[in-house]
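> Sharing a structure below in structure tokens format, with a few things to ask.
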Amino acid sequence: MAETTSGQATYMEVTIFPWWALFLQGLLAIIIGIVFLVYPQRTVEVVVWLFGIYLLFAGVVSLVSIFIDRSSLAWKLIFGILGVLAGGYLIANPTQGAIAVPTTIAILIGVLALIMGAIMLLAAFRGGGWGAGVLGILVIILGLLMLGSPYIAAASLLYLLAFFAIAGGIILVYVAFKARKEA
């Protein structure tokens, strides 16, 4: 890999994608982010519906695999039945799923934040420094906020995803034009 005068490899030497593929990916991310902002409920319903299809398929595959390989029979049966039931429910009720799935994710993130914050605080008390302690407190506060109002947290996650899609898309478009210039 050739290097520039600064000692860094150019973008074209690092990437395996042509500039136009990066441009299209960035453009699509921007469009998805805008659609998410304009139609958040409908977009989540579609994503939940697709997730339901995935769960249904994964559940059926798990149940079929029982006839091929009898190892972990109980886990395959449990996963298969839960996948078919949850997938079928989400496909049949995408509106309720659009409320339940993001809320469940917000609750899981809140619990994870409490655990991570506690670990950071413990690390701070064991010599990790005040930075780990402050970060631990902030992460615990985030967890408590998410658990205190999971519906608001779920709605906020939707807009956060839209922001990241738009920002990431803009960055990809920029990188695509930079790669085109280098080509």
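Chain labels run A, B, ... following the order of the structure tokens; each chain numbers its residues from 1, and ligands are numbered from 1 in the order shown.
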I want to know what sits within 12 Å of Val61 in chain A, based on only C-alpha atoms, with residues of the same chain fewer than 3 positions away left out; could you give that as a VMD selection string?
chain A and resid 54 to 58 64 to 69 76 to 77 79 to 81 83 to 84
> Write the selection just made, keeping N, CA and C atoms, as an mmCIF file, in the first residue's frame?

```cif
data_model
loop_
_atom_site.group_PDB
_atom_site.id
_atom_site.type_symbol
_atom_site.label_atom_id
_atom_site.label_comp_id
_atom_site.auth_asym_id
_atom_site.auth_seq_id
_atom_site.Cartn_x
_atom_site.Cartn_y
_atom_site.Cartn_z
ATOM 1 N N TYR A 54 -38.389 -12.250 10.201
ATOM 2 C CA TYR A 54 -37.132 -12.885 10.598
ATOM 3 C C TYR A 54 -37.354 -13.864 11.756
ATOM 4 N N LEU A 55 -38.071 -13.423 12.799
ATOM 5 C CA LEU A 55 -38.307 -14.290 13.951
ATOM 6 C C LEU A 55 -39.101 -15.532 13.561
ATOM 7 N N LEU A 56 -40.103 -15.363 12.709
ATOM 8 C CA LEU A 56 -40.904 -16.496 12.250
ATOM 9 C C LEU A 56 -40.023 -17.494 11.498
ATOM 10 N N PHE A 57 -39.211 -16.989 10.587
ATOM 11 C CA PHE A 57 -38.307 -17.847 9.819
ATOM 12 C C PHE A 57 -37.322 -18.558 10.742
ATOM 13 N N ALA A 58 -36.704 -17.805 11.665
ATOM 14 C CA ALA A 58 -35.730 -18.400 12.590
ATOM 15 C C ALA A 58 -36.401 -19.458 13.469
ATOM 16 N N VAL A 64 -37.467 -27.159 12.578
ATOM 17 C CA VAL A 64 -37.089 -28.136 11.557
ATOM 18 C C VAL A 64 -35.749 -28.787 11.914
ATOM 19 N N SER A 65 -34.848 -28.008 12.514
ATOM 20 C CA SER A 65 -33.527 -28.554 12.855
ATOM 21 C C SER A 65 -33.614 -29.651 13.907
ATOM 22 N N ILE A 66 -34.718 -29.700 14.643
ATOM 23 C CA ILE A 66 -34.899 -30.763 15.634
ATOM 24 C C ILE A 66 -34.915 -32.121 14.949
ATOM 25 N N PHE A 67 -35.493 -32.192 13.748
ATOM 26 C CA PHE A 67 -35.587 -33.457 13.036
ATOM 27 C C PHE A 67 -34.256 -33.867 12.400
ATOM 28 N N ILE A 68 -33.338 -32.914 12.288
ATOM 29 C CA ILE A 68 -32.041 -33.195 11.677
ATOM 30 C C ILE A 68 -31.000 -33.521 12.736
ATOM 31 N N ASP A 69 -31.028 -32.767 13.836
ATOM 32 C CA ASP A 69 -30.038 -32.940 14.896
ATOM 33 C C ASP A 69 -30.759 -32.814 16.231
ATOM 34 N N LYS A 76 -33.826 -25.749 21.246
ATOM 35 C CA LYS A 76 -34.348 -25.589 19.890
ATOM 36 C C LYS A 76 -35.873 -25.497 19.905
ATOM 37 N N LEU A 77 -36.499 -26.320 20.732
ATOM 38 C CA LEU A 77 -37.946 -26.310 20.829
ATOM 39 C C LEU A 77 -38.449 -24.985 21.408
ATOM 40 N N PHE A 79 -36.815 -22.034 21.524
ATOM 41 C CA PHE A 79 -36.525 -20.961 20.580
ATOM 42 C C PHE A 79 -37.470 -21.017 19.379
ATOM 43 N N GLY A 80 -37.723 -22.218 18.890
ATOM 44 C CA GLY A 80 -38.608 -22.370 17.744
ATOM 45 C C GLY A 80 -40.021 -21.906 18.030
ATOM 46 N N ILE A 81 -40.569 -22.348 19.152
ATOM 47 C CA ILE A 81 -41.944 -21.965 19.505
ATOM 48 C C ILE A 81 -42.036 -20.467 19.765
ATOM 49 N N GLY A 83 -40.019 -18.127 18.633
ATOM 50 C CA GLY A 83 -39.801 -17.424 17.367
ATOM 51 C C GLY A 83 -41.046 -17.406 16.503
ATOM 52 N N VAL A 84 -41.731 -18.547 16.413
ATOM 53 C CA VAL A 84 -42.952 -18.615 15.606
ATOM 54 C C VAL A 84 -44.043 -17.746 16.218
#
```
> Would you pick out the contacts of range 156-164 of chain A at 10 Å or less, using only C-alpha atoms, so that residues sharing its chain but fewer than 2 positions from it are not included, and give the list as a ChimeraX atom specification?
/A:29-38,40-41,43-44,102-103,105-106,146,150-154,166-170
> Please write the residues from the selection above to a file, keeping N, CA and C atoms, as an mmCIF file, in the first residue's frame.

```cif
data_model
loop_
_atom_site.group_PDB
_atom_site.id
_atom_site.type_symbol
_atom_site.label_atom_id
_atom_site.label_comp_id
_atom_site.auth_asym_id
_atom_site.auth_seq_id
_atom_site.Cartn_x
_atom_site.Cartn_y
_atom_site.Cartn_z
ATOM 1 N N ALA A 29 -28.821 6.199 3.071
ATOM 2 C CA ALA A 29 -28.859 6.449 4.520
ATOM 3 C C ALA A 29 -29.523 7.786 4.817
ATOM 4 N N ILE A 30 -29.232 8.808 4.013
ATOM 5 C CA ILE A 30 -29.858 10.121 4.207
ATOM 6 C C ILE A 30 -31.366 10.014 3.986
ATOM 7 N N ILE A 31 -31.770 9.322 2.928
ATOM 8 C CA ILE A 31 -33.200 9.166 2.633
ATOM 9 C C ILE A 31 -33.903 8.406 3.756
ATOM 10 N N ILE A 32 -33.277 7.331 4.230
ATOM 11 C CA ILE A 32 -33.870 6.558 5.330
ATOM 12 C C ILE A 32 -33.995 7.425 6.577
ATOM 13 N N GLY A 33 -32.977 8.213 6.887
ATOM 14 C CA GLY A 33 -33.046 9.102 8.046
ATOM 15 C C GLY A 33 -34.167 10.109 7.923
ATOM 16 N N ILE A 34 -34.334 10.685 6.739
ATOM 17 C CA ILE A 34 -35.416 11.665 6.522
ATOM 18 C C ILE A 34 -36.774 10.989 6.630
ATOM 19 N N VAL A 35 -36.913 9.802 6.031
ATOM 20 C CA VAL A 35 -38.185 9.069 6.130
ATOM 21 C C VAL A 35 -38.485 8.752 7.588
ATOM 22 N N PHE A 36 -37.457 8.396 8.345
ATOM 23 C CA PHE A 36 -37.645 8.102 9.765
ATOM 24 C C PHE A 36 -38.135 9.329 10.520
ATOM 25 N N LEU A 37 -37.634 10.511 10.158
ATOM 26 C CA LEU A 37 -38.084 11.744 10.807
ATOM 27 C C LEU A 37 -39.503 12.121 10.395
ATOM 28 N N VAL A 38 -39.830 11.934 9.125
ATOM 29 C CA VAL A 38 -41.130 12.355 8.609
ATOM 30 C C VAL A 38 -42.230 11.347 8.965
ATOM 31 N N PRO A 40 -42.140 8.484 11.435
ATOM 32 C CA PRO A 40 -41.519 7.578 12.417
ATOM 33 C C PRO A 40 -42.375 6.356 12.743
ATOM 34 N N GLN A 41 -43.665 6.532 12.934
ATOM 35 C CA GLN A 41 -44.532 5.409 13.313
ATOM 36 C C GLN A 41 -44.591 4.368 12.198
ATOM 37 N N THR A 43 -42.497 3.890 9.701
ATOM 38 C CA THR A 43 -41.184 3.286 9.482
ATOM 39 C C THR A 43 -40.913 2.200 10.511
ATOM 40 N N VAL A 44 -41.236 2.474 11.758
ATOM 41 C CA VAL A 44 -41.031 1.478 12.807
ATOM 42 C C VAL A 44 -41.936 0.271 12.566
ATOM 43 N N PRO A 102 -39.601 -1.063 20.410
ATOM 44 C CA PRO A 102 -38.682 0.004 20.843
ATOM 45 C C PRO A 102 -38.708 0.228 22.361
ATOM 46 N N THR A 103 -39.879 0.061 22.969
ATOM 47 C CA THR A 103 -39.974 0.233 24.416
ATOM 48 C C THR A 103 -39.173 -0.849 25.135
ATOM 49 N N ILE A 105 -36.607 -2.448 23.898
ATOM 50 C CA ILE A 105 -35.194 -2.135 23.669
ATOM 51 C C ILE A 105 -34.742 -1.026 24.614
ATOM 52 N N ALA A 106 -35.579 -0.004 24.812
ATOM 53 C CA ALA A 106 -35.232 1.088 25.730
ATOM 54 C C ALA A 106 -35.068 0.561 27.154
ATOM 55 N N MET A 146 -34.011 6.188 31.328
ATOM 56 C CA MET A 146 -34.615 5.281 30.349
ATOM 57 C C MET A 146 -35.622 4.357 31.009
ATOM 58 N N PRO A 150 -39.784 4.699 29.724
ATOM 59 C CA PRO A 150 -39.337 3.940 28.560
ATOM 60 C C PRO A 150 -40.018 4.351 27.254
ATOM 61 N N TYR A 151 -41.263 4.856 27.323
ATOM 62 C CA TYR A 151 -41.936 5.282 26.088
ATOM 63 C C TYR A 151 -41.253 6.505 25.491
ATOM 64 N N ILE A 152 -40.900 7.454 26.350
ATOM 65 C CA ILE A 152 -40.187 8.646 25.869
ATOM 66 C C ILE A 152 -38.804 8.248 25.373
ATOM 67 N N ALA A 153 -38.149 7.338 26.087
ATOM 68 C CA ALA A 153 -36.831 6.870 25.657
ATOM 69 C C ALA A 153 -36.930 6.174 24.305
ATOM 70 N N ALA A 154 -37.974 5.381 24.119
ATOM 71 C CA ALA A 154 -38.154 4.683 22.838
ATOM 72 C C ALA A 154 -38.363 5.681 21.706
ATOM 73 N N ILE A 166 -28.773 10.114 8.927
ATOM 74 C CA ILE A 166 -28.507 11.301 8.110
ATOM 75 C C ILE A 166 -27.043 11.712 8.215
ATOM 76 N N ALA A 167 -26.515 11.767 9.433
ATOM 77 C CA ALA A 167 -25.111 12.160 9.619
ATOM 78 C C ALA A 167 -24.174 11.158 8.950
ATOM 79 N N GLY A 168 -24.434 9.869 9.143
ATOM 80 C CA GLY A 168 -23.606 8.850 8.505
ATOM 81 C C GLY A 168 -23.696 8.917 6.990
ATOM 82 N N GLY A 169 -24.896 9.200 6.476
ATOM 83 C CA GLY A 169 -25.067 9.335 5.035
ATOM 84 C C GLY A 169 -24.290 10.507 4.474
ATOM 85 N N ILE A 170 -24.323 11.633 5.180
ATOM 86 C CA ILE A 170 -23.572 12.816 4.741
ATOM 87 C C ILE A 170 -22.078 12.504 4.722
#
```
> Pick out the closest residue to Gly110 in chain A from this set: A:Gly26, A:Gly97, A:Gly143, A:Gly148. Count only C-alpha atoms.
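Using only C-alpha atoms, Gly110 in chain A sits closest to A:Gly143.
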> Which residues come within 12 Å of range 89-92 of chain A, counting only C-alpha atoms, excluding same-chain residues fewer than 2 positions away, as a list of chain:residue names?
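Listed by chain and then number, they are A:Val44, A:Glu45, A:Val46, A:Val47, A:Val48, A:Trp49, A:Leu50, A:Phe51, A:Gly52, A:Ile53, A:Tyr54, A:Leu55, A:Leu56, A:Phe57, A:Leu82, A:Gly83, A:Val84, A:Leu85, A:Ala86, A:Gly87, A:Pro94, A:Thr95, A:Gln96, A:Gly97, A:Ala98, A:Ile99, A:Ala100, A:Val101.
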> Provide the CA of Ala132 in chain A to CA of Thr104 in chain A distance in Å, to one decimal place.
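Rounded to one decimal, the two atoms are 27.8 Å apart.
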> CA of Gly117 in chain A and CA of Ile141 in chain A are how many Å apart?
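Here the two named atoms are 8.5 Å from each other.
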> Calculate how many Å separate CA of Gly133 in chain A from CA of Met120 in chain A, rounding to one decimal.
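Separation of CA of Gly133 in chain A and CA of Met120 in chain A: 6.2 Å.
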> Select, from A:Leu24, A:Leu63, A:Val134, A:Met116, the residue with the minimum atom-to-atom distance to Ile171 in chain A, counting only C-alpha atoms.
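Ranked by minimum distance to Ile171 in chain A, first place goes to A:Leu24.
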> Need to verify the contact set: Leu22 in chain A, 7 Å, only C-alpha atoms, exclusion of same-chain residues closer than 6 positions in sequence. Can you return it as number ranges by chain?
A: 172-173, 176
> With C-alpha atoms retained, write the just-selected residues as a PDB file, in the first residue's frame.

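Below you can see part-v3.pdb, which holds the result:
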```pdb
ATOM      1  CA  LEU A 172     -20.421   8.627   3.240  1.00  0.00           C
ATOM      2  CA  VAL A 173     -21.328  11.080   0.460  1.00  0.00           C
ATOM      3  CA  ALA A 176     -17.426   9.099  -1.909  1.00  0.00           C
TER       4      ALA A 176
END
```
